[in-house]
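Heads up, the thing below is written out as structure tokens.
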Amino acid sequence: MKTHVFGKVSFSRDSFPDELRDLSTWPSVDVSALGADDRTIFLSRRQAIELYIENPQLSLAGIKVATGIDPKTIYRLLDRCLTTHADGRIYGMRAAIPYARLKQYERMHALDSADQLSGRGLAGAFSLLLQRQPALEKLLQRYIKQRGRHHGKARRARKALARIHKAFLEKCRAVGIGSHEYPFNQAMAGLRSLAAYLHKAESRALILTHDNTTLPEGADSDQPDPHRPPPATRAFEVVEFDGHKIDLRVTVRVMDPLGFETLLELSRIWILILLDVASRAVIGYKLALSKEYNKDDVASALQAALIPFRPRHYKIPDLTMRAGGGFPSAVLPQTRYACWEWFRFDGAKSHLAVDTLTRLNQIVGCWPDNGPAAEPNERPFIECFFHLLARNFAHRLPGTTGSSPESIERLLNDPHGNISLLVELEELEDMVEVLLGDYNGTSHSGISNRTPLEAMAQLLARDTGFLRTLPRAAQQNLCLLQEARIKPIKGDNVGDRPHINFQDVRYTSPILSGSPALIGKRLRVYFDVRDIRTVKAFFEDGTELGVLTAARPWCYTPHSLRVRQEIFRLKRAGKLQYREGDDPVECWGKYKRQQASTSKRAATDLAKAKSNRNALANEGAVTAVTALQADSVGLPGNELHSQDTVPKLKKQNEPVADAVPPVARILKIRRTITF
């Protein structure tokens, strides 16, 4: 599917941003000002763009039949419409006008001597001169900055155009331009082109100043910039977020179908941290088991910072948090489901994803602050925390990779091929949780020798009433990992019962399959990317339809969205084969186990699938939705998800089991074959 780009955000037709989907906000065109032929072409183009954005279920072939615009032209028009105009907005429908120019004219050919003498064919001559002589453009840029410079409250008088033109000609002679060349061979020596260049450059600087993006050199503003975060003086006012690759080799124990455990080494692991700036407290974290973390991992970190903290059941004996440590949501009850106001992050792709920005704006309700590229000092506190994490934790464990291949820590802690000495994944998860809890309970010199938890408690006691929390309705249905897709209801009245197709698998329920009148309508489907065996469906008017379950055999084993996508990709490539009735997820696990001994990526995929299952069990995600699935859907294999086998949620301070205990499945004879 074609991908479009708007600024730093890339999206497809299905994930078109809401702020761009509303065509009423696009710059429009006065159709009556166009000629008859141009008006016909423009109206066809505008209709094609509207059908492409507002009716995503209509194919490109259908759009061509309705408007006469072929798909390649539609893609080209969309890219032109989303281009930034000189006025700071997008071109919008202005880019659909026939023969509309989006780029400034750029001369490619050299100047002809005969044309220079006659004054013809000089379009772009001034720009070509500046391009060939960078010293001239540098001189003009300096004069542009000086013309608008402030000195305290007094403004410097604008230098006359004649003086700038005189200095410009002197510079032309200095760089070796002869008297028979442009601009000396013209009647006004390029004065009009120079004036147009200065006017355009000053207008652009004025637009940037108006948008609070930048100010002319030397200018100062007494008003604070509303698009920049304020100094952090309150708890949860400013939060810094970033990811850090832990300098450590990690292993995981995988059990094969015969019951034997195998120790496998993983690729390096990321840790995502949310740090409150005012108190320096870590309010949430997430370990991402992948080569690069994605928007789903970012959503997990956001969810961990919002929901109340629940301690793990530690595998390491006698491992406990220090007295006075912990996480704010567990120690300070008023910080449960607390929302922050500003969210600082860098320009990573997962940070700028449309889904990430939507969650920050619509669910958390905060201002995202994307700092400048390659400027870690814009987020000093989170960078300092990662430095402490590496120096006091990762670099002191066996198997550390150090900060560089030549670091002394790497040599001193090398296990020399014995991977049994490396830290296991479950041990790392335990140590990271205790480490962050102890950090929150350790006094810091930067906050008056108070611990981050003590500093946060003092800030909350001083500024009562400023803490904003999620509404109660959102707290009961909080799931930041869920996305929404629009899916039409398929089926017919002959024998194909109503259903939807999601990720190459049918989904239905007793209510949907028994309602043929719903065929043709569209559903808004929400799903958890960690387990897509079930989805929750709503009609377009917001009314709920209920939980839809994947068809056999996809309804048995928990699996994520990315696992299913990889299964179908491997099957199309001929690398994964399974017969009808086999569990594809189990076949995928067997395939990964065969590769895990030589591939860190395969071992990491297995560890991530195991971690997702444990996380779902810890969060109690197999209670409400799975119980509803077992009661309402009469599919074989639901005996695994009955009310009796679902673990009950524990109290806040009780340890939670890492996984659901295995339960034997009752075999049923479905058909008998007689020879």
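Each chain in the structure tokens gets a letter, A, B, ..., in the order shown, and its residues are numbered from 1; ligands are numbered from 1 in order too.
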Sorted per-residue table, stretch 344-447 of chain A near stretch 287-291 of chain A, closest atoms and distance, 12 Å, only C-alpha atoms, as CSV:
```
residue,atom,partner,partner_atom,distance
A:Leu425,CA,A:Leu289,CA,9.7
A:Glu426,CA,A:Leu287,CA,11.3
A:Leu428,CA,A:Leu287,CA,9.6
A:Glu429,CA,A:Leu287,CA,7.8
A:Asp430,CA,A:Leu287,CA,11.3
A:Met431,CA,A:Leu287,CA,11.9
A:Val432,CA,A:Leu287,CA,9.0
A:Glu433,CA,A:Leu287,CA,10.2
```
Give me, as a PDB file with N, CA and C atoms, in the first residue's frame, all polymer residues having an atom no more than 9 Å from A:Leu459, counting only C-alpha atoms and skipping those fewer than 2 positions away in the same chain.
```pdb
ATOM      1  N   THR A 233       8.122  22.877  37.772  1.00  0.00           N
ATOM      2  CA  THR A 233       8.003  23.287  39.174  1.00  0.00           C
ATOM      3  C   THR A 233       7.001  22.454  39.941  1.00  0.00           C
ATOM      4  N   ARG A 234       6.252  21.591  39.255  1.00  0.00           N
ATOM      5  CA  ARG A 234       5.250  20.749  39.900  1.00  0.00           C
ATOM      6  C   ARG A 234       5.432  19.312  39.460  1.00  0.00           C
ATOM      7  N   ALA A 235       4.977  18.407  40.291  1.00  0.00           N
ATOM      8  CA  ALA A 235       5.026  16.995  39.944  1.00  0.00           C
ATOM      9  C   ALA A 235       4.105  16.725  38.757  1.00  0.00           C
ATOM     10  N   ALA A 278      10.481  17.280  37.758  1.00  0.00           N
ATOM     11  CA  ALA A 278      10.503  18.048  38.999  1.00  0.00           C
ATOM     12  C   ALA A 278      11.027  17.232  40.167  1.00  0.00           C
ATOM     13  N   SER A 279      10.655  15.960  40.257  1.00  0.00           N
ATOM     14  CA  SER A 279      11.053  15.125  41.392  1.00  0.00           C
ATOM     15  C   SER A 279      12.144  14.122  41.051  1.00  0.00           C
ATOM     16  N   GLU A 454      10.173  11.300  48.164  1.00  0.00           N
ATOM     17  CA  GLU A 454       9.960  12.363  49.146  1.00  0.00           C
ATOM     18  C   GLU A 454       9.766  13.707  48.459  1.00  0.00           C
ATOM     19  N   ALA A 455      10.539  13.960  47.402  1.00  0.00           N
ATOM     20  CA  ALA A 455      10.376  15.214  46.674  1.00  0.00           C
ATOM     21  C   ALA A 455       9.011  15.300  46.021  1.00  0.00           C
ATOM     22  N   MET A 456       8.530  14.187  45.463  1.00  0.00           N
ATOM     23  CA  MET A 456       7.208  14.202  44.842  1.00  0.00           C
ATOM     24  C   MET A 456       6.117  14.393  45.881  1.00  0.00           C
ATOM     25  N   ALA A 457       6.245  13.747  47.037  1.00  0.00           N
ATOM     26  CA  ALA A 457       5.249  13.932  48.092  1.00  0.00           C
ATOM     27  C   ALA A 457       5.199  15.377  48.563  1.00  0.00           C
ATOM     28  N   ALA A 461       2.014  17.923  48.159  1.00  0.00           N
ATOM     29  CA  ALA A 461       1.428  18.588  49.329  1.00  0.00           C
ATOM     30  C   ALA A 461       1.423  20.106  49.168  1.00  0.00           C
ATOM     31  N   ARG A 462       2.414  20.638  48.463  1.00  0.00           N
ATOM     32  CA  ARG A 462       2.471  22.091  48.264  1.00  0.00           C
ATOM     33  C   ARG A 462       1.487  22.563  47.204  1.00  0.00           C
ATOM     34  N   ASP A 463       1.372  21.808  46.114  1.00  0.00           N
ATOM     35  CA  ASP A 463       0.517  22.209  44.995  1.00  0.00           C
ATOM     36  C   ASP A 463      -0.687  21.279  44.923  1.00  0.00           C
ATOM     37  N   THR A 464      -1.542  21.371  45.893  1.00  0.00           N
ATOM     38  CA  THR A 464      -2.753  20.539  45.895  1.00  0.00           C
ATOM     39  C   THR A 464      -3.727  21.068  44.851  1.00  0.00           C
TER      40      THR A 464
END
```
- Message: Between A:Tyr526, A:Trp554, A:Trp26, A:Phe343, which residue has the minimum interatomic distance to A:Arg506, considering only C-alpha atoms?
- Response: A:Trp554
Who sits within 12 Å of A:Ala160, only C-alpha atoms, same chain under 6 positions skipped, as a compact mmCIF listing (two decimals) with C-alpha atoms, in the first residue's frame:
```txt
# COMPACT_ATOMS: atom_id res chain seq x y z
CA TYR A 143 22.51 42.01 5.60
CA ILE A 144 19.06 40.42 5.99
CA GLN A 146 21.20 43.04 10.32
CA ARG A 147 18.18 44.86 8.85
CA LYS A 166 26.63 48.83 -3.82
CA ALA A 167 28.23 46.38 -1.39
CA ALA A 195 15.19 43.80 -4.13
CA LEU A 198 15.55 40.62 -0.01
```
